[in-house]
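Worksheet: the structure to be examined is printed underneath.
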Amino acid sequence: MPGITIPTSLPAIAFSRNYLPFAPLSDNYQAAAPAKSVNRLSFTGAIVADAVVNLVWTAAAAEMTAKAEPDDSGLQFPAGDGGNDYVTSLVDWFAGNYFIQEYYAVTVDLAAAHPALIFTALDAGPDGDMNPFAVGNIQLTIDTEGVTELPLEGFAHYVSLWIANDAGTGFNLAYEANVPLDENPVTGFSTIDISNALDAFLTTDKPVFANNFFNCPGTLRQYYAKYAQVYGADPSIKRVYKTAPAFINFGGLDIMTENGKTMTGYLRPGGNNANTLCLKQGSKAVLVQKEQPEWLYWINLTGADIDIRVRIELFFTDNTGVPFLLGAKTALAYNKYAVCVGYNFLNLDASVPSGKTPAYYTARIVSSTGSYLSAIYTYTLDVYREWPRYFVYLNSLGGYQTLYCWGKGQDTTSRTADTGERNANNIQAANSGRLLEANIKLSNGTKVNTGYTSKRAIQLLKDFLASEDKYVYQDGRLIPIGIKADSLDQPADGANLNAGTFEYYPLFDEVTYTDNADQPDDTHNSGGLIPTSNTYDAIWDDDNNDDDLAYDDDDL
């Protein structure tokens, strides 16, 4: 049997941003076995009053004095004849000393030539060796010298991590080091957190607008570890061992949730396939618009390859519905798959019979035989909203999802430029100017409202703000964005109406501007009066002549 083992195997799959220990153990790491000091205090005759026993060791000392009538100070013991019964009675007196009981277990030995008290150190090492002496009828000797664990010279554990490459055709070295033994105490383990090293090699899987399953090899990859002993005056790597392959998924649980939960335990509560969560945060029932993109990201946690489908069921306002299956795919064990389940992307209007009005639809992952492989997700078609916006982001579980916002926003533009002074020879006239501007850049931003929504949905903004890959979905495109936010006000306790605001900006600067020709032309004349002809249908007012500060159904 090898002297090195992995007592706790790597989990089959884990999050890349939660603690993931790898701890090889060697049972032959020490050059000398640890030993506790054993000290013998022998009594060779009678002990008279005022005889002194002075016990001294590295950390402390205890001076005990014999008395005809000892007190309870812990510094005295009774005088006596030195026989077996007498020495046996001394155990409690010596063990009652504060310093002795902190460092030793006190017992009696009556089998030797003379009865003796035995002081066995509580911890291994030479610090428990007492100073030998012989005074009168009392003698202290050391039966066993204490020995500290002595690792072999230069002892460590070699560890390397290998993670699947981008193409999935091989493995790249992600980490390599000689890891020293854990200390306080030394137990033969070398423990490291391998999550950060693996996380650095994960990449994003851009969402695809297709109702067929697509694989996600960037955010979920296979990896394995190699390990070996390292020791010697000129430390060298001994025989190398290799773990079974495991999988690492981008993301993680927050600290409060992670406590005591594994990735599999969180995503597959109770080990039930039908309850398996897709990588989607927040409520499993949400409001959507028809043009809103939505996805289901799902990991095959069944432990076996399986044929999968996505089951869609479209329901109408008369409580009838129509089911259908999409996207046949063979899902490999512990691989991640995604499918776009937005209403328009599924072309659900084509499945609406004449005279029916769609109300909501559901989506879940199923096997080719119809057994449920995920929880069910419900998408209710929202009423018309002014200024809807859709933000697509990589959430903390490693899947992309959409943040649906509505309400008025405010565009902002900031300008930066470098100013320089013209060469005097190039100043031909006053209208040439003495200064010039260069590197002119425009940075655009938009302040948006979330619209009134649930407290849980507002709290979910924390996941959006923490995302490293965010987009605004606009004109059928995903435009990368950043967020301007130092803090986010959470809903107050007891609040019934909840809304939030934030500002986003595209992750690029503009050096030019192009007018949007699709926008309606301005409607005005030189006199400043707005014509009342029906030709100008951009002018709108309600019939009660009040100021429109918010949208309501009466305005339609």
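Identifiers in this document derive from the order of the structure tokens: chains are assigned A, B, ..., residues are numbered from 1 separately in each chain, and ligands are numbered from 1 in order of occurrence.
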Inset, instruction - List every residue of segment 357-430 of chain A that DSSP, applied to the backbone of this structure, places in helix (DSSP H, G or I), and write the result as a PyMOL selection string. - result: chain A and resi 424-426+430
Inset, instruction - With a distance cut-off of 9 Å and only C-alpha atoms, select the neighbouring residues of segment 162-167 of chain A, excluding the residue or stretch itself and same-chain residues fewer than 5 positions from it, and output the selection as a list in words. - result: Asn172, Leu173, Ala174, Tyr175, Leu198, Phe201, Leu202, Thr203, Pro217, Gly218, Arg221, Gln222, Tyr223, Tyr224, Ala225 and Lys226 of chain A
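Take the candidates A:Asp123, A:Pro78, A:Pro21, A:Pro132 and check each one against Leu41 of chain A using only C-alpha atoms; the shortest distance goes to A:Pro132.
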Legend entry - Neighbour list for Ile479 of chain A as a list in words, cut-off 9 Å, only C-alpha atoms, skip fewer than 5 positions in-chain: Lys470, Tyr471, Val472, Tyr473, Gln474, Pro506 and Leu507 of chain A
Inset, instruction - Could you jot down the atom CA of Ser190 of chain A to atom CA of Thr8 of chain A separation for me, Å, one decimal place? - result: 12.5 Å
Legend entry - Proximity to Asp469 of chain A - best of A:Gln401, A:Asn347, A:Thr88, A:Asn449, only C-alpha atoms: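 Among A:Gln401, A:Asn347, A:Thr88, A:Asn449, it is A:Gln401 that comes nearest to Asp469 of chain A.
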Legend entry - For Leu181 of chain A, the nearest of the candidates A:Thr380, A:Thr412, A:Gln229, A:Ser367, counting only C-alpha atoms: A:Gln229
